[in-house]
Every structure is written in C-alpha cells, then in structure tokens.
>>> print(open('model.cif').read())   # mmCIF, C-alpha atoms
data_protein
#
loop_
_atom_site.label_atom_id
_atom_site.label_comp_id
_atom_site.auth_asym_id
_atom_site.auth_seq_id
_atom_site.Cartn_x
_atom_site.Cartn_y
_atom_site.Cartn_z
CA MET K 1490 -32.44 -76.53 21.74
CA GLN K 1491 -31.86 -75.46 25.33
CA GLU K 1492 -32.34 -79.04 26.55
CA LEU K 1493 -29.90 -80.32 23.94
CA ASN K 1494 -27.24 -77.84 25.02
CA GLN K 1495 -27.56 -78.93 28.64
CA SER K 1496 -26.43 -82.44 27.73
CA THR K 1497 -22.70 -82.53 26.98
CA VAL K 1498 -20.78 -85.42 25.48
CA THR K 1499 -18.59 -87.31 27.97
CA GLU K 1500 -17.32 -89.90 25.50
CA PHE K 1501 -17.06 -90.46 21.76
CA ILE K 1502 -17.58 -93.54 19.61
CA LEU K 1503 -14.87 -94.10 16.99
CA LEU K 1504 -16.57 -95.71 14.00
CA GLY K 1505 -13.25 -96.64 12.39
CA PHE K 1506 -13.65 -98.78 9.31
CA THR K 1507 -16.80 -100.58 8.19
CA PRO K 1508 -17.54 -103.24 10.83
CA ASN K 1509 -17.59 -106.64 9.16
CA PRO K 1510 -17.03 -109.87 11.13
CA ARG K 1511 -15.46 -111.49 8.07
CA THR K 1512 -12.96 -108.76 7.16
CA ASN K 1513 -12.13 -107.50 10.67
CA PRO K 1514 -9.61 -110.30 11.44
CA LEU K 1515 -7.86 -109.62 8.13
CA LEU K 1516 -7.76 -105.88 8.84
CA PHE K 1517 -6.39 -106.60 12.31
CA ILE K 1518 -3.58 -108.82 10.96
CA PHE K 1519 -2.79 -106.34 8.15
CA PHE K 1520 -2.44 -103.32 10.47
CA LEU K 1521 -0.71 -105.34 13.21
CA VAL K 1522 1.98 -106.51 10.76
CA PHE K 1523 2.45 -102.94 9.51
CA TYR K 1524 2.69 -101.60 13.07
CA LEU K 1525 5.24 -104.23 14.12
CA LEU K 1526 7.30 -103.50 10.99
CA ILE K 1527 7.22 -99.79 11.85
CA LEU K 1528 8.42 -100.48 15.40
CA VAL K 1529 11.15 -102.91 14.32
CA SER K 1530 12.48 -100.95 11.31
CA ASN K 1531 12.55 -97.57 13.05
CA SER K 1532 13.99 -99.01 16.27
CA LEU K 1533 16.66 -100.83 14.27
CA LEU K 1534 17.58 -97.63 12.41
CA ILE K 1535 17.87 -95.72 15.71
CA THR K 1536 20.04 -98.52 17.16
CA LEU K 1537 22.34 -98.57 14.12
CA ILE K 1538 22.82 -94.80 14.24
CA HIS K 1539 23.52 -94.92 17.98
CA GLN K 1540 25.95 -97.87 17.81
CA ASP K 1541 28.00 -97.09 14.68
CA LEU K 1542 30.48 -94.22 14.97
CA ARG K 1543 30.41 -93.65 11.20
CA LEU K 1544 26.76 -92.64 11.55
CA HIS K 1545 27.42 -90.05 14.25
CA THR K 1546 26.81 -87.13 11.86
CA PRO K 1547 24.11 -84.42 11.85
CA MET K 1548 22.23 -86.06 8.95
CA TYR K 1549 21.88 -89.39 10.77
CA PHE K 1550 21.09 -87.65 14.05
CA PHE K 1551 18.08 -86.00 12.38
CA ILE K 1552 17.08 -89.31 10.77
CA SER K 1553 17.14 -90.98 14.21
CA VAL K 1554 14.90 -88.22 15.59
CA LEU K 1555 12.56 -88.72 12.62
CA SER K 1556 12.38 -92.46 13.36
CA LEU K 1557 11.62 -91.76 17.01
CA LEU K 1558 8.79 -89.39 16.04
CA ASP K 1559 7.39 -92.01 13.64
CA VAL K 1560 7.29 -94.61 16.41
CA CYS K 1561 5.67 -92.15 18.83
CA TYR K 1562 2.82 -90.86 16.70
CA THR K 1563 1.90 -94.24 15.24
CA THR K 1564 1.79 -95.61 18.80
CA THR K 1565 -0.62 -92.79 19.66
CA THR K 1566 -3.25 -94.16 17.25
CA VAL K 1567 -2.58 -97.68 15.93
CA PRO K 1568 -2.80 -99.81 19.14
CA GLN K 1569 -6.20 -98.29 19.91
CA MET K 1570 -7.33 -98.91 16.31
CA LEU K 1571 -6.27 -102.57 16.60
CA VAL K 1572 -8.29 -103.01 19.79
CA HIS K 1573 -11.36 -101.37 18.25
CA ILE K 1574 -11.21 -103.54 15.10
CA LEU K 1575 -11.85 -106.67 17.20
CA SER K 1576 -14.03 -105.05 19.86
CA LYS K 1577 -17.72 -104.20 19.81
CA LYS K 1578 -17.11 -101.30 22.21
CA ARG K 1579 -15.33 -98.50 20.37
CA THR K 1580 -15.69 -95.69 22.86
CA ILE K 1581 -13.07 -93.17 23.96
CA SER K 1582 -13.57 -90.72 26.83
CA PHE K 1583 -13.59 -86.99 26.16
CA ALA K 1584 -10.34 -86.55 28.13
CA ARG K 1585 -8.57 -89.38 26.27
CA CYS K 1586 -9.77 -87.95 22.97
CA VAL K 1587 -8.26 -84.56 23.84
CA ALA K 1588 -5.00 -86.20 24.93
CA GLN K 1589 -4.78 -88.33 21.77
CA MET K 1590 -5.49 -85.35 19.54
CA TYR K 1591 -2.83 -83.21 21.22
CA ILE K 1592 -0.11 -85.89 21.37
CA PHE K 1593 -0.64 -86.84 17.73
CA LEU K 1594 -0.44 -83.19 16.64
CA LEU K 1595 2.59 -82.57 18.87
CA PHE K 1596 4.60 -85.27 17.11
CA GLY K 1597 3.15 -84.50 13.67
CA VAL K 1598 3.95 -80.77 13.77
CA THR K 1599 7.42 -81.48 15.18
CA GLU K 1600 8.07 -83.85 12.27
CA SER K 1601 6.82 -81.28 9.76
CA TRP K 1602 9.41 -78.76 10.94
CA LEU K 1603 12.09 -81.44 11.26
CA PHE K 1604 11.83 -82.04 7.50
CA SER K 1605 12.75 -78.38 6.87
CA ILE K 1606 15.71 -78.64 9.27
CA MET K 1607 16.89 -81.77 7.45
CA SER K 1608 16.81 -79.87 4.15
CA VAL K 1609 18.92 -77.09 5.70
CA ASP K 1610 21.38 -79.76 6.85
CA ARG K 1611 21.65 -81.05 3.25
CA TYR K 1612 22.14 -77.46 2.02
CA VAL K 1613 25.06 -76.86 4.41
CA ALA K 1614 26.57 -80.28 3.57
CA ILE K 1615 26.50 -79.65 -0.20
CA CYS K 1616 26.93 -75.88 -0.50
CA HIS K 1617 29.25 -75.24 2.48
CA LEU K 1618 31.04 -78.56 2.81
CA LEU K 1619 34.25 -77.19 4.36
CA ARG K 1620 32.31 -75.43 7.17
CA TYR K 1621 29.74 -78.23 7.61
CA LYS K 1622 31.05 -79.64 10.89
CA VAL K 1623 31.51 -76.17 12.36
CA ILE K 1624 28.01 -74.93 11.42
CA MET K 1625 26.13 -78.16 12.21
CA SER K 1626 27.70 -78.76 15.58
CA ARG K 1627 26.14 -81.04 18.20
CA ARG K 1628 24.83 -78.03 20.09
CA MET K 1629 23.30 -76.54 16.93
CA CYS K 1630 21.60 -79.85 16.06
CA LEU K 1631 20.06 -80.11 19.53
CA LEU K 1632 18.93 -76.48 19.34
CA LEU K 1633 17.25 -77.04 15.96
CA VAL K 1634 15.44 -80.16 17.23
CA GLY K 1635 14.36 -78.16 20.30
CA ILE K 1636 12.89 -75.46 18.04
CA CYS K 1637 10.98 -78.14 16.10
CA ALA K 1638 9.62 -79.53 19.39
CA ALA K 1639 8.57 -76.02 20.50
CA TYR K 1640 6.60 -75.60 17.27
CA GLY K 1641 5.03 -78.98 17.96
CA VAL K 1642 3.95 -77.95 21.46
CA VAL K 1643 2.46 -74.61 20.33
CA GLY K 1644 0.94 -75.92 17.08
CA GLY K 1645 -0.65 -78.89 18.85
CA LEU K 1646 -2.09 -76.60 21.53
CA CYS K 1647 -3.61 -74.24 18.95
CA TYR K 1648 -5.35 -77.04 17.07
CA THR K 1649 -6.51 -78.88 20.20
CA PHE K 1650 -7.64 -75.90 22.28
CA PHE K 1651 -9.83 -74.36 19.59
CA ALA K 1652 -11.29 -77.76 18.62
CA MET K 1653 -12.14 -78.98 22.13
CA TYR K 1654 -13.24 -75.56 23.44
CA LEU K 1655 -16.41 -75.91 21.34
CA PRO K 1656 -19.55 -77.47 22.87
CA TYR K 1657 -20.26 -81.10 21.97
CA CYS K 1658 -23.82 -82.12 22.78
CA GLY K 1659 -24.46 -85.04 20.45
CA PRO K 1660 -24.28 -87.06 18.29
CA ASN K 1661 -21.00 -88.50 19.54
CA GLU K 1662 -19.96 -90.81 16.68
CA ILE K 1663 -16.62 -89.83 15.09
CA ASP K 1664 -16.29 -91.17 11.55
CA HIS K 1665 -12.60 -91.94 11.99
CA TYR K 1666 -10.27 -94.42 13.67
CA PHE K 1667 -8.80 -91.80 16.05
CA CYS K 1668 -9.58 -88.31 17.34
CA GLU K 1669 -8.37 -86.12 14.49
CA VAL K 1670 -9.37 -82.45 14.38
CA PRO K 1671 -11.38 -82.35 11.10
CA ALA K 1672 -13.43 -85.43 12.06
CA VAL K 1673 -14.16 -84.22 15.60
CA LEU K 1674 -15.18 -80.71 14.48
CA LYS K 1675 -18.08 -82.22 12.51
CA LEU K 1676 -19.77 -83.05 15.85
CA ALA K 1677 -19.54 -79.55 17.36
CA CYS K 1678 -22.84 -77.91 18.37
CA ALA K 1679 -21.64 -74.47 17.29
CA ASP K 1680 -20.39 -72.51 14.31
CA THR K 1681 -16.91 -73.75 13.34
CA SER K 1682 -16.00 -70.93 10.95
CA LEU K 1683 -13.52 -69.51 13.50
CA ASN K 1684 -11.95 -72.96 13.81
CA ASP K 1685 -11.62 -73.20 10.02
CA LEU K 1686 -9.75 -69.89 10.05
CA VAL K 1687 -7.54 -70.91 13.01
CA ASP K 1688 -6.81 -74.30 11.40
CA PHE K 1689 -5.88 -72.60 8.12
CA ILE K 1690 -3.54 -70.10 9.82
CA THR K 1691 -1.99 -72.78 12.04
CA GLY K 1692 -1.70 -75.18 9.09
CA PHE K 1693 -0.01 -72.45 7.07
CA ASN K 1694 2.59 -71.98 9.82
CA VAL K 1695 3.24 -75.63 10.62
CA ILE K 1696 2.87 -77.21 7.15
CA VAL K 1697 3.15 -74.65 4.34
CA VAL K 1698 5.98 -72.54 5.84
CA PRO K 1699 8.28 -75.55 6.47
CA LEU K 1700 7.40 -76.97 3.04
CA THR K 1701 8.19 -73.61 1.40
CA LEU K 1702 11.51 -73.53 3.23
CA VAL K 1703 12.27 -77.02 1.90
CA VAL K 1704 11.48 -75.88 -1.68
CA ILE K 1705 13.66 -72.75 -1.38
CA VAL K 1706 16.55 -74.69 0.14
CA TYR K 1707 16.44 -77.39 -2.52
CA ALA K 1708 16.25 -74.79 -5.30
CA ASN K 1709 19.57 -73.44 -4.00
CA ILE K 1710 20.98 -76.96 -3.63
CA PHE K 1711 20.07 -77.89 -7.22
CA ALA K 1712 21.57 -74.63 -8.50
CA THR K 1713 24.83 -75.56 -6.73
CA ILE K 1714 24.71 -79.17 -7.96
CA LEU K 1715 24.34 -78.07 -11.59
CA LYS K 1716 27.63 -76.18 -11.24
CA ILE K 1717 29.50 -79.40 -10.38
CA ARG K 1718 31.58 -80.39 -13.41
CA SER K 1719 31.77 -84.10 -12.64
CA ALA K 1720 28.70 -86.07 -13.77
CA GLN K 1721 29.36 -88.62 -11.04
CA GLY K 1722 29.50 -85.83 -8.45
CA ARG K 1723 26.16 -84.43 -9.63
CA ILE K 1724 24.51 -87.87 -9.47
CA LYS K 1725 25.85 -88.47 -5.96
CA ALA K 1726 24.60 -85.07 -4.77
CA PHE K 1727 21.17 -85.59 -6.34
CA SER K 1728 20.81 -89.08 -4.81
CA THR K 1729 21.65 -87.65 -1.37
CA CYS K 1730 18.63 -85.34 -1.63
CA ALA K 1731 16.20 -87.65 -3.47
CA SER K 1732 15.22 -89.72 -0.42
CA HIS K 1733 14.44 -86.62 1.64
CA ILE K 1734 12.34 -85.04 -1.13
CA THR K 1735 10.34 -88.28 -1.48
CA VAL K 1736 9.58 -88.48 2.25
CA VAL K 1737 8.60 -84.80 2.50
CA THR K 1738 6.22 -85.08 -0.47
CA MET K 1739 4.50 -88.17 0.96
CA PHE K 1740 4.00 -86.47 4.30
CA ALA K 1741 3.10 -82.91 3.29
CA ILE K 1742 0.52 -83.32 0.52
CA PRO K 1743 -2.01 -85.42 2.52
CA CYS K 1744 -1.55 -83.11 5.54
CA ILE K 1745 -2.32 -80.02 3.48
CA ILE K 1746 -5.46 -81.64 2.05
CA MET K 1747 -6.67 -82.75 5.49
CA TYR K 1748 -5.89 -79.66 7.55
CA MET K 1749 -6.05 -76.75 5.11
CA SER K 1750 -8.69 -77.59 2.51
CA PRO K 1751 -12.09 -75.89 3.00
CA GLY K 1752 -14.62 -78.42 4.31
CA SER K 1753 -11.92 -81.01 4.96
CA GLY K 1754 -14.05 -82.44 7.74
CA SER K 1755 -16.50 -83.75 5.13
CA LEU K 1756 -13.86 -85.95 3.47
CA SER K 1757 -15.01 -88.95 5.55
CA ASN K 1758 -13.70 -92.20 3.99
CA SER K 1759 -11.09 -90.48 1.82
CA GLY K 1760 -9.97 -88.56 4.94
CA LYS K 1761 -9.45 -91.81 6.82
CA LYS K 1762 -7.40 -93.18 3.93
CA MET K 1763 -5.23 -90.07 3.81
CA ALA K 1764 -4.74 -90.26 7.58
CA LEU K 1765 -3.59 -93.86 7.16
CA PHE K 1766 -1.10 -92.64 4.57
CA TYR K 1767 0.66 -90.00 6.68
CA ASN K 1768 0.11 -91.83 9.97
CA ILE K 1769 1.16 -95.37 8.98
CA ALA K 1770 2.50 -95.56 5.41
CA THR K 1771 5.11 -92.79 5.76
CA ALA K 1772 6.26 -94.13 9.15
CA PHE K 1773 6.80 -97.51 7.48
CA LEU K 1774 8.50 -96.13 4.36
CA ASN K 1775 10.82 -93.61 6.09
CA PRO K 1776 13.38 -96.17 7.37
CA VAL K 1777 13.12 -98.12 4.08
CA ILE K 1778 13.81 -95.03 1.96
CA TYR K 1779 16.65 -93.81 4.17
CA SER K 1780 18.39 -97.18 4.45
CA LEU K 1781 17.96 -99.16 1.22
CA ARG K 1782 20.06 -96.77 -0.89
CA ASN K 1783 22.48 -95.95 1.92
CA LYS K 1784 25.78 -97.85 1.99
CA ASP K 1785 26.73 -96.54 5.44
CA VAL K 1786 23.52 -97.89 6.99
CA LYS K 1787 24.01 -101.25 5.23
CA LYS K 1788 27.58 -101.48 6.57
CA ALA K 1789 26.37 -100.61 10.08
CA PHE K 1790 23.72 -103.35 9.86
CA LEU K 1791 26.28 -105.94 8.72
CA LYS K 1792 28.58 -104.90 11.55
CA LEU K 1793 25.77 -105.17 14.11
CA MET K 1794 24.88 -108.65 12.85
CA GLY K 1795 28.53 -109.75 12.89
CA TRP K 1796 28.69 -109.96 9.09
CA SER K 1797 31.07 -107.03 8.58
CA ARG K 1798 33.29 -109.05 6.24
CA ALA K 1799 30.37 -109.95 4.01
CA PRO K 1800 30.70 -108.65 0.44
CA GLU K 1801 28.99 -105.34 -0.24
#
>>> encode(input="model.cif", output="structure tokens")
Amino acid sequence: MQELNQSTVTEFILLGFTPNPRTNPLLFIFFLVFYLLILVSNSLLITLIHQDLRLHTPMYFFISVLSLLDVCYTTTTVPQMLVHILSKKRTISFARCVAQMYIFLLFGVTESWLFSIMSVDRYVAICHLLRYKVIMSRRMCLLLVGICAAYGVVGGLCYTFFAMYLPYCGPNEIDHYFCEVPAVLKLACADTSLNDLVDFITGFNVIVVPLTLVVIVYANIFATILKIRSAQGRIKAFSTCASHITVVTMFAIPCIIMYMSPGSGSLSNSGKKMALFYNIATAFLNPVIYSLRNKDVKKAFLKLMGWSRAPE
C-alpha cells in the first residue's frame, strides 16, 4: 500500500462513450451539429438583444447572460469530447482536469443562481409593474449578475478544492466524457465521506436554495395572477413565466440527482446521460424556448434580416 501511495496520477484517461469504430463518426457528427446549433442560436439571441432597443429590458439582459453562460460551459467540455470521439488517445493532464472541473462548475453554479434572479425579475414585473423600471435598474441588474458570478466562483472552488485535494494513485480511467466531480471522486485513494458531506452542503447552497427561491417567488406570482380579472391578462402573465419554469426544471433536476444524491458517483452511464442533458440539451433548448413564443424576439430577428415588413 505504501508503494501504491508513492505513485501519484499525473494524467487521467476519459473513457467517454463506448468506443466503436462504426458508431464514432455518427456520434461525432451528432454532437458537432448540436454544438454548432448551440453556438449559433445563443450567439444570435445575444446579438438580437444587443442590437434591438425594444429588447433593452432587464428580462432580456438576463436572457443574454444566460445564453453567454450556455456557450461558455458547453465550450468547456464539448470540443474536447469531439476530439476524443475520433482519437485513440483520450488523456487529459491533472492540471487540465482541475481547470476544466472548476470552469465548468463556475459557469454552472452562476447559471443556477441566475435562474433565481430571473424569477425575481418576473415577480417585480408582474407584482410591482409600476415600480419595475425603478427597482430593476441597470445598476441593480449588474449587481445581481455580479452576485451570481461570486456564488459561481466560491461554489466552484469548494467543489474543486475538496475533490482534487484527495490523493489519486491509480487507476486513472474516468468513466465520463469530461472531468466532473462525482466521476473523478471514484478514483480517489482515500475515504470520500467528507467530500460527500461537502458536496451535499455546497449543492444545497448552489442548487436547492436558488430552486427554493424560484418556487417561493412563483407561488407569489401565481397568487397575484389569479387575482387578475381578465382571462386574457391571466393567460399572458402565465405564458410569460412558463418558459422560465420549463428551463429551470430541465436544469435543476438532473443537477440535484448528480451532485446531491448519495453514491451519485456510481451512476456511471446514466450519470453521463444526465450530464449530457444539463450540459448540452438545456443549452440548446434555452434560446429555442425563450424565442419561439416571443413576439419581440421574432420582430428583432426580422429587423436584423431586413424583413421587418414581413407579416407577423
């Protein structure tokens, strides 16, 4: 045992998905198309919000930040996954693994808290409409995004420090397509019970607390909506919130299962699938959900393309 402890891991091997020469090209094309769609759709949404004055509101500002985060954390993992699908060498150095883990968590935790801020924005817009522009000023929006980023920095550090502080002496094969905490912890040559506790506490603060805030805020929003006498007004208010609730649900549930369930590191294949869901699927669906049912975004797109006189 002493000899084993003297040998420390300097690099990891990312097993990714089942290596198969026949299916690998198809997997590569599938994920490449998804990744390009994520880049194009989110970048287009950011451009529309930046260019069109009608979209210069707090709600669209937060949506643009969300799109930027989606682009950033998918770029942290997907390009490497694409290279590894077609390559026989699937190694990643210890330092790069630490960096990838931290950057992914930084953007992920920031996004988790951003969802709660977006729900507060909807609450002020619906329940305090006359004071909306005063409360959600430009300075306030920037401050709230800064708070989300601070949670991302601290939350990412907590996860990464306690995971990579452990000794890793072999084996060095990570059953995942990127360095995610639960998958990496399985390779530690030490007791990980403290890490399970730290991950649960951190997960509670960066996933459950924001999600609880979202639930409380929307309970108040729905109570206010039900008081609206006009049926059309109620439908409009509900539709404003529906897209946000959908996105939050898709993001939060897989994250809770991965980072807060006991023995989540043993999820293996199902864990990889869940990671694909909140890493790729939600980043792809976010701009779709926020733009398809949004007349303002459609008008901004038509204006950008020079089709502003086209029929709605």
>>> resolve_selection(input="model.cif", expression="the PyMOL selection byres ((chain K and resi 1603-1620) around 7)", output="list of chain:residue names")
K:Met1548, K:Phe1551, K:Thr1599, K:Glu1600, K:Ser1601, K:Trp1602, K:Tyr1621, K:Lys1622, K:Val1623, K:Ile1624, K:Val1634, K:Cys1637, K:Pro1699, K:Leu1700, K:Leu1702, K:Val1703, K:Val1706, K:Ile1710, K:Thr1713, K:Val1737
>>> residues_around(input="model.cif", residues="Leu1686 of chain K", least_positions_apart="2", cutoff="12 Å", atoms="all atoms listed in the file", output="count of residues only")
20
>>> resolve_selection(input="model.cif", expression="the PyMOL selection byres ((chain K and resi 1673-1679) around 8)", output="VMD selection string")
chain K and resid 1494 1652 1655 to 1663 1668 to 1672 1680 to 1681 1754 to 1755
>>> resolve_selection(input="model.cif", expression="the PyMOL selection byres ((chain K and resi 1540) around 12)", output="PDB file with C-alpha atoms, keeping the file's coordinate frame")
ATOM      1  CA  LEU K1533      16.660-100.830  14.270  1.00  0.00           C
ATOM      2  CA  LEU K1534      17.580 -97.630  12.410  1.00  0.00           C
ATOM      3  CA  ILE K1535      17.870 -95.720  15.710  1.00  0.00           C
ATOM      4  CA  THR K1536      20.040 -98.520  17.160  1.00  0.00           C
ATOM      5  CA  LEU K1537      22.340 -98.570  14.120  1.00  0.00           C
ATOM      6  CA  ILE K1538      22.820 -94.800  14.240  1.00  0.00           C
ATOM      7  CA  HIS K1539      23.520 -94.920  17.980  1.00  0.00           C
ATOM      8  CA  ASP K1541      28.000 -97.090  14.680  1.00  0.00           C
ATOM      9  CA  LEU K1542      30.480 -94.220  14.970  1.00  0.00           C
ATOM     10  CA  ARG K1543      30.410 -93.650  11.200  1.00  0.00           C
ATOM     11  CA  LEU K1544      26.760 -92.640  11.550  1.00  0.00           C
ATOM     12  CA  HIS K1545      27.420 -90.050  14.250  1.00  0.00           C
ATOM     13  CA  TYR K1549      21.880 -89.390  10.770  1.00  0.00           C
ATOM     14  CA  PHE K1550      21.090 -87.650  14.050  1.00  0.00           C
ATOM     15  CA  SER K1553      17.140 -90.980  14.210  1.00  0.00           C
ATOM     16  CA  VAL K1786      23.520 -97.890   6.990  1.00  0.00           C
ATOM     17  CA  LYS K1788      27.580-101.480   6.570  1.00  0.00           C
ATOM     18  CA  ALA K1789      26.370-100.610  10.080  1.00  0.00           C
ATOM     19  CA  PHE K1790      23.720-103.350   9.860  1.00  0.00           C
ATOM     20  CA  LYS K1792      28.580-104.900  11.550  1.00  0.00           C
ATOM     21  CA  LEU K1793      25.770-105.170  14.110  1.00  0.00           C
ATOM     22  CA  MET K1794      24.880-108.650  12.850  1.00  0.00           C
TER      23      MET K1794
END
>>> closest_residue(input="model.cif", among="K:Gln1589, K:Asn1775, K:Asn1531, K:Thr1701", to="Val1567 of chain K", atoms="only C-alpha atoms")
K:Gln1589
>>> axis_aligned_box(input="model.cif", around="segment 1525-1530 of chain K", padding_each_side="6 Å", output="lines of an AutoDock Vina configuration file")
center_x = 8.9
center_y = -102.0
center_z = 13.2
size_x = 19.2
size_y = 16.4
size_z = 16.4
>>> residues_around(input="model.cif", residues="Leu1774 of chain K", least_positions_apart="2", cutoff="12 Å", atoms="all atoms listed in the file", output="PyMOL selection string")
chain K and resi 1523-1524+1526-1528+1530-1531+1555-1556+1559+1732-1733+1735-1737+1739-1740+1766-1772+1776-1781
>>> atom_distance(input="model.cif", atom1="atom CA of Asp1785 of chain K", atom2="atom CA of Cys1630 of chain K")
20.4 Å
>>> atom_distance(input="model.cif", atom1="atom CA of Ser1532 of chain K", atom2="atom CA of Val1560 of chain K")
8.0 Å
>>> closest_residue(input="model.cif", among="K:Leu1504, K:Leu1558, K:Val1697, K:Leu1632", to="Ile1581 of chain K", atoms="all atoms listed in the file")
K:Leu1504
>>> atom_distance(input="model.cif", atom1="atom CA of Ile1518 of chain K", atom2="atom CA of Pro1568 of chain K")
12.2 Å
>>> decode(input="model.cif", residues="segment 1505-1527 of chain K", atoms="C-alpha atoms", output="PDB file, in the first residue's frame")
ATOM      1  CA  GLY K1505     -16.280   8.843 -22.733  1.00  0.00           C
ATOM      2  CA  PHE K1506     -18.783   6.723 -24.594  1.00  0.00           C
ATOM      3  CA  THR K1507     -18.316   3.125 -25.717  1.00  0.00           C
ATOM      4  CA  PRO K1508     -15.531   3.160 -28.341  1.00  0.00           C
ATOM      5  CA  ASN K1509     -16.889   1.722 -31.574  1.00  0.00           C
ATOM      6  CA  PRO K1510     -15.270   2.491 -34.964  1.00  0.00           C
ATOM      7  CA  ARG K1511     -18.659   2.190 -36.666  1.00  0.00           C
ATOM      8  CA  THR K1512     -20.680   4.484 -34.399  1.00  0.00           C
ATOM      9  CA  ASN K1513     -17.962   7.017 -33.506  1.00  0.00           C
ATOM     10  CA  PRO K1514     -18.305   9.039 -36.756  1.00  0.00           C
ATOM     11  CA  LEU K1515     -22.072   9.216 -36.226  1.00  0.00           C
ATOM     12  CA  LEU K1516     -21.609  10.329 -32.611  1.00  0.00           C
ATOM     13  CA  PHE K1517     -19.098  12.941 -33.760  1.00  0.00           C
ATOM     14  CA  ILE K1518     -21.479  14.376 -36.377  1.00  0.00           C
ATOM     15  CA  PHE K1519     -24.427  14.286 -33.933  1.00  0.00           C
ATOM     16  CA  PHE K1520     -22.617  16.194 -31.167  1.00  0.00           C
ATOM     17  CA  LEU K1521     -20.881  18.550 -33.611  1.00  0.00           C
ATOM     18  CA  VAL K1522     -24.229  19.588 -35.120  1.00  0.00           C
ATOM     19  CA  PHE K1523     -25.671  20.115 -31.632  1.00  0.00           C
ATOM     20  CA  TYR K1524     -22.649  22.160 -30.560  1.00  0.00           C
ATOM     21  CA  LEU K1525     -22.766  24.368 -33.659  1.00  0.00           C
ATOM     22  CA  LEU K1526     -26.504  24.916 -33.152  1.00  0.00           C
ATOM     23  CA  ILE K1527     -25.823  25.923 -29.539  1.00  0.00           C
TER      24      ILE K1527
END
